[in-house]
Structure formats: structure tokens, C-alpha cells
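As C-alpha cells, the structure follows; a few thoughts come after it.
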Amino acid sequence: MERTKLARITSIWIIVILVLFILSIVFGILMRLSQGKVISQSPVSFYSLMTTHGLTMIGIWFVAGMAGVNYLMQRYVFAPVKSNIFALLLTIIGVVLLWVTTFVGNFHTGWTFLYPLPFKIAWAQWATPLFLVSLVILGVGWLVWSVSMLIAILKKYPITRALAWQHFERNPSFETPPFILITVITLIGVITCLLAAVLLLGLFFAEYFSSGTFVNDPLLMKNLTYFFGHTIANEMLYLGLATLYELLPEVSGRPKWKTSWYVALAWNCTLVFILTAFFHHMYMDFVQPEGFQIVGQLASYLASLPAVAVTVFSTLTLIYRNPIRWSLTNTLYFMGVAGWVIGGLGAVIDATIVNNFVLHNTLWVPAHFHTYNAMGNVLFSLAFFNWAANGFTGSTESSKANRLKIALLLIGGTGFLLMFYLGGAYSIPRRFNIYPGEFSLAAPFAWIAAIFATVYLVAILIFFWNISRKCLKLLTYS
Amino acid sequence: MLKATYIFLTILLAWVSELYAQPPAYNYNLEEETNIYKHVADIKVITEERNVHLSEIYSERPVILVLVFTRCTGVCNPLLMRLKENFAFINSRSEFTILVLSFDPRDSLEDMQSMAKRFTLEEDPQWRFAISREMDELNQSIGFNPVWDSRRKQFDHAALLVGVNKNGFITKKLIGLRNQEALTAMIREINDVFIPSYPLPNNKQFFSCFNYDPATGKNSPGWGLLILSLPSMLTLLLVLVIGNIYSHKHPRS
């Protein structure tokens, strides 16, 4: 009964996420067309779209990972359902309110809503408090969901075993499944960054309602913003990786992956260092002591490289000289690993202080985070959606249609990202709605990117058609 | 006797009235932030070498404008003396031109040259002394308002330095006799070097990450750092509490 309920909720999540994803891609294409001078948009419309696009994308791919992990969790523990439904309801309410603030109230601070921008009212007066309320609603739903999932695991696994610390000993008597290890590591990070968001929003409200008697420290607010923002953007990737560790060997017809000492070490490194890697967003903040900046650079390496190394090694050994049953699911997972690694390398390059002086606020930044999202995390989640939708209905795939989808994703995604990287190489600034004449290549890069993004959108529409039909079939089946 | 008394009283009255006469109203607007990042007026300037537009000077090297007049009995001479002393110690001589410009229409180029000689600056290539017939336009663009005091035959004016970068933007203004530190900051500003600035903690700000002491120039940790570490500490506590609550349910092996 619970299994069916979970399948149904997951189906709703999949449909909601894909609908929001398609709309957010359209917003992205509109922004690139505007930058490419193909269409004309007012600055307010552009930045409202940018705010909606950024926050929606971060939100949906976080909940996509959560929904996938929650669904697969039932293989090991009693997976929570009520908190899942609660999070679903609050996510829908939160997103609706968020879109009202941006599209009706014209709120347009960008997705990081960096202090004190929300208080520099250039939109409807009510939009700032409503925006903050929408984030509270989303945050509460996600925090409750994360904690309930962590409780579900810790009910069965002692914390030391959930973190696979016994694998640091010789001949461990108990093996922690990699899925549980990565999920626990990620949930701890998610809860931490959501608590950072709670404090951040609390401070925003405190200043808002203080009538000028209390002001925040911009340095603290920026630190908290990136503690939340950078961490959640990374943790959602790890949620996708948890599903990969669980499903990739299985759908490839290979034995399940096992946790070894180096896998445990790599992911424990990620747990510790991902929580301090956000300091690399503060390189330009000269009042932050230099020690923090160095911690930011080192943590950026130590959080990502060990996890990348073990995952790539595991993936390559899975396919090297082994008979693989290739399907859409494992192809997406395999491509996603490549996208994650390429985008991750771009991130590490940018997180290196000497490089950051050159790349900071250029299109290199959206280049790398779009790589590990659009061609990494999104593919992990699409792989799970495809696997789950097939599982819900027991349907099979057409290899011809799969090849088309993969080709469109690859061509659209690669071309779209290439324009960002070329923009970064030419030091074209990001977050400009219209590029000044000095950046002669910026507009052509933007409209070419819009064309490739449209190709990517076509692929996603085909995915949506195939996957949502199966999900709807499950939902309408009594 | 009466006549002598009348003359004496008239002179006395004239002297007293002169003594208590209201000085001309001068707007002591000592804000250094006015007109910042505005374009300086591109006036014609008459120098010893030739007549040039101001833009020809600042497009070669950034300019520090010094506004004086040669008959000044007030701040002009101390200002120039202090500048000469300070710039002698500042180790960035090639990065800017110091243009000493008279705002007194009575001043001739010769007057300015003799002023340069008085300060032994006539041979210094970094210093240029000049006049202009378009000073009103310049004064308006830089927010400088000298007022003629007919009683003292002097201009009432601020001791103003205006920093202009190579694009003709006013990037810094300094009022008064300033030290080397302020002048160095001005040189950096006119050379478009980033000058860090950050609001100091105040009594409305309870949670600063660091408390900066302007006297010592040192930072000490503030309450903000504790807030920043709270999410990690709370999560650790939460994980330990949950783990402890369910510890009895865990199998022994």
C-alpha cells in the first residue's frame, strides 16, 4: 500500500518537475534571445525572468533528487510518505507565490537575492515580504522532508554505520550500501544549508520589521546566502548521484556497487568540505580574512575531487570490457557523469583564487554550473524518471526514439554550453540584459545559444511526453 | 575742535562698521562626495608651453587639479607647500600630472609662473601651472564655489584638490590640507585602482562577522561568526539526538 502511495506521489513530483522545467527553459531561451537582440525586453522583465529561472531550476532539481532518493529508499528502510506529500504541497504553494512575486510584483533581485537588494524596492512593495514568505514555505517543506528521511535511515542504521565508518577498519563486519552512505551524507548537508536559510530569512525579516532599528552585516548575509545557495546546488547533485549508485549497475545488468574504504573516505570528505566550499564565493569580499579564502579554495578541491574520482572510476570499471545492457537510463547516467565531471572541472578552475580574478562574473560561471546541471544533474534525474516511469507501467523503450532523444540532448546541450564557455573565454560579463558594444561577440553567442537551447527543449518535450504519459497512467489507474 | 571730533568720530564709525560688517555669504559645502563620477568640463587651459584642452592633459595621464590664485593670503600657499612636501615622499611620480590652476581672472600666466618659481617647481615636469578664461564652467563641473570678498580683496574658497582619471571623470575630491595617506588614496583613485571600503559596525548592527578596530586596524571575531557556524552545530546536534533516540532499535551486529 505504502509502495503504491510512494509511486503515485513520485509520479506527481515527476510531472510537476518536468512542467516547471520546460517553462524555466523557455524563460532561459527568452533571456538569451533578449541578450542576442532578437527580441526586446525591458530590464525589469529580463531580471524577473532571471530570478524566476534561477530559483525554479535550483528548486526543482533539488526536489527531483529528493523524490528519487525517497522512492529508492524503500529498498532499505521504511520510506517516509507523509512528509513527502507535505513537501509536495508546500513546494507547489511556494513556487506559485514565488512566481506571483516575480511576474506580478516584478521582484527581480536574481536568484541569490543578495542582501540588501530585497530592501532596495524597485518593484511592488508587497513583493519583498511575499518573496521571503515563499522561501520560508519552500524551506519548511524541504526541511521537514529531509529530517524525516534522515530519521528513517537512522532508525535502522547507527550514525557511524550510516556514514560507513566501519569501512575504515580491516574486514568490516557490516557493509553500508553506497546509496545509504551518499544519501545520509547529502541529507546532513541539505539540513545544514536549509538551517542556514532559516537564519538568513530570520535576519531578513528582523531587519524588515525593525523599522530601521536593526540592520544586518552584509558580510554575514552574503556568507549565509552562499552557505545555503552554494551548498544546496551541490547537494542536489549528490542526490542524483545516490540514485546513480543504486540504479546504474542494476540497469546495466552488472553486480551492485559495494562500499569500500576509499568510497567511504571520499564521501565523508564531501560531507565535511562541501560545508565550507562556499567561501569561494567570497573571494572578492576583501573584508573576509584571507584564511577563509584559502579554506574556500582547498575545500572546493576536497569536496569534489575525491567523490568525482571514485564515481568516475566505478563508472568506467562498470563498462570497461564488460557486457552492458545499454538502455536510455544507463546512457543518461553515463552522459550525466561526463557532464558532472566537465562542469565540476570548470567549477574547480573558477574556485582557484588566481583564476577567479579573471573569470569572476564572466559567462564562465553560468557555463560551469549549467554544465553540471543541464548535462549532469538533470540527466541523473531524467534517468531516474525514465526508470521509474517504466517501472510504474511495466513498459519498454523504443531504441530508435531513445537515439533521437539522446542526440537532441547532446547537440542542444553541448552547443548551448559552448556559447557560455566561449563567452567566458572572451570575458563577457554575466547578468547583463543588454551587452554594450565593446562585447561584439556577446549578442551572436547569445542567439546561437538560444537556438541550441531550443533543440535541448525539444528533447525535454519528448521526454516529458513519454514519461508523463506513463506517470499519468499510474495516477489514473485505480 | 568740533571739526576734529567729527572727523575722528567718522573715521571711528567707519572703522567699527568695517570691523563688524557681515562677510559675504559663502557656501561652505565641504562635502567631498559631490560631483564624483561626473565629467570634468573640458575647458581651454593656457600653460607655458601652449594652449590646450583639459582633455589633452588628462588623456595622457590622470590629473590632480589644484585650485589657487596668486594673490591669495590664505590657504593657497600652505596648500601648495604641503602638496609639494607630501608628493616628494610619495613614490608614484609618473602616474599623474598636478595641474595648478588659477581661478582668479586677474591672474596672468606670468603670475602663475612666478608662483611656480617661488615653490621651485618650475622645472618639475609633473607640475604644471596654468590659467583659463573658462573657469566658471570648470567650477560648476567640479562643485567649486569661490566667493569674492571685496572687503579683503580676497576669494573665500575651499582648499580643494580634484582627482580626474584618464577618461575625464572626477574620481576623488579632497578638501583641506591632507596627509600622504589621503593623497595616496587619491592617486590610486585617479588611476582607477580599486579602493576597498566597507561600512564600520554601528549600534544598529548586532551581528557583525568581525569587529574592526579603526585605531589598531585589527579584526576580532564577532557574533556573526557564531551565527555562521550555527547551522553546522545544530545539524550535528540534531543527528546525535536522532541517533541516540533510535539507538535501542539498532541490531547489535
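Order determines the names: the first chain of the C-alpha cells is A, the second B, and so forth; residues in each chain are numbered 1 upward, and ligands are numbered 1 upward as they are shown.
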10 Å contacts from chain A to chain B using only C-alpha atoms, as a ChimeraX atom specification = /A:147,150-160,173-174,188-200,203,207,212-221,223-224,227-228,272,275,285-289
If you keep C-alpha atoms, can you produce a file of those selected residues as a CSV table (one decimal), in the first residue's frame?
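Final output, saved to again-v4.csv:
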```csv
chain,number,residue,atom,x,y,z
A,147,VAL,CA,14.8,15.4,8.5
A,150,LEU,CA,17.3,11.1,7.8
A,151,ILE,CA,15.2,9.7,10.7
A,152,ALA,CA,14.0,6.9,8.5
A,153,ILE,CA,17.6,5.9,7.8
A,154,LEU,CA,18.9,6.4,11.4
A,155,LYS,CA,16.1,4.2,12.7
A,156,LYS,CA,17.8,1.3,11.0
A,157,TYR,CA,21.5,2.4,10.7
A,158,PRO,CA,23.5,3.8,13.6
A,159,ILE,CA,25.1,7.0,12.6
A,160,THR,CA,28.6,5.5,12.4
A,173,SER,CA,31.6,-6.9,9.7
A,174,PHE,CA,28.8,-4.8,8.2
A,188,ILE,CA,23.1,16.1,6.5
A,189,GLY,CA,24.4,18.7,4.1
A,190,VAL,CA,20.9,19.6,3.0
A,191,ILE,CA,19.6,20.0,6.6
A,192,THR,CA,22.7,22.2,7.4
A,193,CYS,CA,22.2,24.5,4.4
A,194,LEU,CA,18.4,24.7,5.0
A,195,LEU,CA,19.1,25.8,8.6
A,196,ALA,CA,21.5,28.4,7.2
A,197,ALA,CA,18.5,29.6,5.0
A,198,VAL,CA,16.3,29.7,8.2
A,199,LEU,CA,18.8,32.0,9.8
A,200,LEU,CA,19.2,34.1,6.7
A,203,LEU,CA,17.7,38.1,9.7
A,207,GLU,CA,15.5,44.0,9.6
A,212,GLY,CA,15.3,50.8,10.9
A,213,THR,CA,16.4,50.0,14.4
A,214,PHE,CA,18.3,46.9,13.2
A,215,VAL,CA,20.5,46.4,10.2
A,216,ASN,CA,22.3,43.4,9.1
A,217,ASP,CA,26.0,42.9,8.4
A,218,PRO,CA,26.3,42.5,4.6
A,219,LEU,CA,29.3,40.1,5.1
A,220,LEU,CA,27.3,37.8,7.3
A,221,MET,CA,24.3,37.9,5.0
A,223,ASN,CA,28.1,34.2,3.8
A,224,LEU,CA,24.7,32.8,4.9
A,227,PHE,CA,26.2,28.7,2.7
A,228,PHE,CA,22.6,28.0,1.7
A,272,VAL,CA,32.9,17.9,5.7
A,275,LEU,CA,30.0,22.9,4.0
A,285,ASP,CA,35.0,40.3,-0.3
A,286,PHE,CA,38.2,41.9,0.9
A,287,VAL,CA,36.9,42.2,4.5
A,288,GLN,CA,36.7,38.4,4.8
A,289,PRO,CA,40.1,37.4,6.3
```
Would you mind listing what lies within 10 Å of range 166-180 of chain B as JSON, numbers by chain, with only C-alpha atoms counted and same-chain residues fewer than 6 positions away left out?
-> {"B": [29, 30, 31, 32, 33, 34, 35, 36, 37, 38, 39, 40, 41, 42, 54, 55, 56, 57, 58, 59, 60, 61, 62, 63, 64, 65, 75, 76, 78, 79, 80, 81, 82, 83, 85, 86, 87, 88, 89, 90, 96, 141, 142, 143, 158, 159, 160, 186, 187, 188, 189, 190, 191, 192]}
Distance query Val100 in chain B at most 12 Å, only C-alpha atoms, self and fewer than 5 positions along chain excluded, as a ChimeraX atom specification | /B:45-47,63-70,76-77,79-80,83-84,109,112-113,115-116,119,121-122,126-132,160-162
Suppose we keep N, CA and C atoms; can you now write the selection as a short mmCIF file (atom, residue, chain, number, x, y, z; two decimals), in the first residue's frame?
```cif
data_model
loop_
_atom_site.label_atom_id
_atom_site.label_comp_id
_atom_site.auth_asym_id
_atom_site.auth_seq_id
_atom_site.Cartn_x
_atom_site.Cartn_y
_atom_site.Cartn_z
N VAL B 45 42.87 75.52 -21.49
CA VAL B 45 43.81 75.88 -20.43
C VAL B 45 45.04 76.52 -21.08
N ILE B 46 45.51 77.62 -20.48
CA ILE B 46 46.70 78.29 -21.02
C ILE B 46 47.90 77.92 -20.15
N THR B 47 48.82 77.18 -20.73
CA THR B 47 50.03 76.79 -19.99
C THR B 47 51.23 77.48 -20.62
N VAL B 63 44.93 63.49 -13.72
CA VAL B 63 45.29 64.84 -13.27
C VAL B 63 44.78 65.07 -11.86
N ILE B 64 45.64 65.74 -11.07
CA ILE B 64 45.15 66.30 -9.80
C ILE B 64 45.07 67.81 -10.00
N LEU B 65 43.85 68.32 -9.95
CA LEU B 65 43.65 69.76 -10.12
C LEU B 65 43.81 70.45 -8.78
N VAL B 66 44.63 71.52 -8.75
CA VAL B 66 44.78 72.31 -7.52
C VAL B 66 44.27 73.71 -7.84
N LEU B 67 43.27 74.18 -7.12
CA LEU B 67 42.64 75.46 -7.42
C LEU B 67 43.19 76.52 -6.46
N VAL B 68 43.91 77.50 -7.02
CA VAL B 68 44.52 78.55 -6.19
C VAL B 68 44.42 79.90 -6.93
N PHE B 69 44.90 80.98 -6.30
CA PHE B 69 45.13 82.24 -7.01
C PHE B 69 46.36 82.91 -6.40
N THR B 70 47.06 83.65 -7.21
CA THR B 70 48.40 84.08 -6.79
C THR B 70 48.37 85.15 -5.71
N CYS B 76 46.07 79.12 0.05
CA CYS B 76 46.70 78.65 -1.20
C CYS B 76 48.17 78.26 -1.00
N ASN B 77 48.92 79.16 -0.35
CA ASN B 77 50.34 78.87 -0.19
C ASN B 77 50.60 77.68 0.73
N LEU B 79 48.68 75.26 1.16
CA LEU B 79 48.20 74.09 0.41
C LEU B 79 49.28 73.60 -0.56
N LEU B 80 49.85 74.55 -1.31
CA LEU B 80 50.88 74.16 -2.29
C LEU B 80 52.14 73.64 -1.57
N LEU B 83 51.45 70.16 -0.37
CA LEU B 83 51.39 69.21 -1.50
C LEU B 83 52.80 68.88 -1.99
N LYS B 84 53.61 69.93 -2.12
CA LYS B 84 54.97 69.73 -2.61
C LYS B 84 55.72 68.77 -1.67
N LEU B 109 49.46 84.37 -16.88
CA LEU B 109 50.34 83.20 -16.92
C LEU B 109 51.67 83.49 -16.22
N MET B 112 51.40 83.04 -12.57
CA MET B 112 51.45 81.62 -12.21
C MET B 112 52.87 81.07 -12.29
N GLN B 113 53.60 81.55 -13.30
CA GLN B 113 54.98 81.09 -13.44
C GLN B 113 55.83 81.56 -12.25
N MET B 115 54.73 82.11 -9.34
CA MET B 115 54.30 81.28 -8.20
C MET B 115 55.05 79.93 -8.23
N ALA B 116 55.15 79.37 -9.43
CA ALA B 116 55.88 78.10 -9.58
C ALA B 116 57.34 78.26 -9.15
N PHE B 119 57.92 78.30 -5.43
CA PHE B 119 57.91 76.96 -4.80
C PHE B 119 58.96 76.03 -5.43
N LEU B 121 59.16 74.85 -8.38
CA LEU B 121 58.50 73.75 -9.10
C LEU B 121 58.49 73.99 -10.62
N GLU B 122 59.12 75.07 -11.05
CA GLU B 122 59.03 75.43 -12.47
C GLU B 122 59.73 74.41 -13.37
N GLN B 126 56.26 67.14 -13.55
CA GLN B 126 54.96 66.66 -13.06
C GLN B 126 54.01 67.81 -12.72
N TRP B 127 54.57 68.95 -12.41
CA TRP B 127 53.76 70.11 -12.02
C TRP B 127 53.57 71.03 -13.22
N ARG B 128 52.34 71.48 -13.41
CA ARG B 128 52.08 72.45 -14.47
C ARG B 128 51.23 73.56 -13.86
N PHE B 129 51.61 74.81 -14.18
CA PHE B 129 50.87 75.97 -13.66
C PHE B 129 50.16 76.63 -14.83
N ALA B 130 48.91 76.94 -14.66
CA ALA B 130 48.14 77.41 -15.81
C ALA B 130 47.00 78.33 -15.38
N ILE B 131 46.45 79.00 -16.38
CA ILE B 131 45.24 79.81 -16.17
C ILE B 131 44.21 79.39 -17.21
N SER B 132 43.00 79.88 -17.02
CA SER B 132 41.96 79.60 -18.01
C SER B 132 40.95 80.74 -18.00
N LEU B 160 40.83 73.02 -2.29
CA LEU B 160 40.26 71.85 -2.98
C LEU B 160 41.25 71.20 -3.94
N LEU B 161 41.31 69.87 -3.85
CA LEU B 161 42.03 69.07 -4.84
C LEU B 161 41.00 68.21 -5.55
N VAL B 162 41.09 68.15 -6.86
CA VAL B 162 40.14 67.34 -7.63
C VAL B 162 40.92 66.32 -8.45
#
```
Would you please work out which residue, of A:Thr51, A:Thr225, A:Val312, A:Ile15, is nearest to Leu114 in chain A when using only C-alpha atoms?
-> A:Thr225
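Among the candidates B:Ala4, B:Val241, B:Ile11, B:Cys72, the residue lying nearest to Asp156 in chain B is B:Cys72 (atoms considered: only C-alpha atoms).
CA of Ile434 in chain A lies 22.0 Å from CA of Ile121 in chain A.
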Using backbone DSSP assignments, extract all strand (DSSP E) residues from range 3-246 of chain B; output them as a ChimeraX atom specification.
-> /B:44-46,51-53,63-68,97-102,127-130,147-149,154-156,160-164,170-175,210-213,218-221
Tell me, as JSON, numbers by chain, which residues lie within 6 Å of Phe420 in chain A, counting only C-alpha atoms; anything in the same chain fewer than 3 positions away does not count.
-> {"A": [363, 367, 417, 423]}
